[in-house]
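Notes to accompany the following structure.
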Amino acid sequence: DVVLTQSPLSLPVTLGQPASISCNSSQSLADSNGNTYFNWFQQRPGQSPRRLIYKISNRDSGVPDRFSGSGSGTAFTLKISRVEADDFAVYYCMQGTHWPFTFGQGTKMEIK
Amino acid sequence: QITLKESGPTMVKPTQTLTLTCTFSGFSLTTAGLAVGWIRQPPGKAPEWLAFIFWKDDQRYRPSLRTRLTITKDTSKNQVVLIMTKMDPADTATYFCVHLDFWSGHGPLGEFNYWGQGTPVTVSS
């Protein structure tokens, strides 16, 4: 299975400050057609995960532009330009290129 | 509007078989490119993909659970059923079903990424 390793696992952030989460893959997530099915999810307590970013850097509908994704191959990053109160949640990376699809361990963003 | 809802027992005993049903609306599992999958999430842990079934009835299973899982669909009822045998306390989790669209160009979760609300299952004697 592809292993996704997130860092940090806990991220204390001050409101209004930027935040960044990394996700490294145990193998390349590019498929034979050059597509990289790498996603970022946000999960609040008691809710289903909500996708924020698909194919590395594409924001889902309704996702604020303070969220951005970047990376390629095996190294990916989620950045939040200015953290708002609504952003305190757990973030997961997920790959949908190789079956079984896999998630990272999660990064819990907390108020500093 | 696409919706999915999971149903099944909230508690099973060790060694028993778990049967979960995903009832969906807003799409047909006869449409090319579509699938329905199951994901579980143990308390406080990351989600884990279990299986999915394509419109053409092909199935994919998590290799480590292959011998314990069976996924089937009933297109007339708009339902997908997941059966997991030999339940163990380590299988305690919230189980989600998800809509998949492999032909959308957005990746397996499709353009809008639809999930059910999840159903909690506890395995305990």
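Following the order of the structure tokens, chains are lettered A, B, ..., residues in each are numbered from 1, and ligands are numbered from 1.
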
>> Tell me as JSON, numbers by chain which residues belonging to chain A come within 10 Å of chain B, counting only C-alpha atoms.
In response: {"A": [1, 35, 36, 37, 38, 39, 45, 46, 47, 48, 49, 50, 51, 52, 54, 55, 58, 60, 61, 90, 91, 92, 93, 94, 95, 96, 97, 99, 100, 101, 102, 103, 104, 105, 106, 107]}

>> DSSP on the backbone, strand (DSSP E) only: what residues of region 70-116 of chain B does that give? Format it as an MDAnalysis selection string.
In response: chainID B and resid 70:74 79:84 93:101

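The gap separating CA of Gly8 (chain B) from CA of Asp88 (chain B) is 16.5 Å, in Å to one decimal.
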
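Each of A:Ala85, A:Ile80, A:Val3, A:Ile56 was checked against Ala19 (chain A) using only C-alpha atoms; the smallest atom-to-atom distance is that of A:Ile80.
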
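The shortest atom-to-atom distance to Val98 (chain B), with only C-alpha atoms taken into account, belongs to B:Thr23 out of B:Thr85, B:Ser125, B:Thr30, B:Thr23.
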
> Counting only C-alpha atoms, what is within 8 Å of Thr74 (chain A), bar same-chain residues fewer than 2 positions away, as a VMD selection string?
Replying inline: chain A and resid 24 to 29 71 to 72 76

> What gap, in Å, lies between CA of Glu110 (chain A) and CA of Ser68 (chain A)?
Replying inline: 18.9 Å

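Closest approach to Val81 (chain B) among B:Phe102, B:Cys22, B:Pro43, B:Glu6: B:Cys22, based on only C-alpha atoms.
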
>> Can you pull out the residues contacting region 10-16 of chain B? Cut-off 12 Å, using only C-alpha atoms, and skip same-chain residues under 2 positions away; I want them as an MDAnalysis selection string.
In response: chainID B and resid 6:8 18:20 68 83:95 118:125

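For the pair CA of Thr75 (chain B) and CA of Thr21 (chain B), the separation is 12.7 Å.
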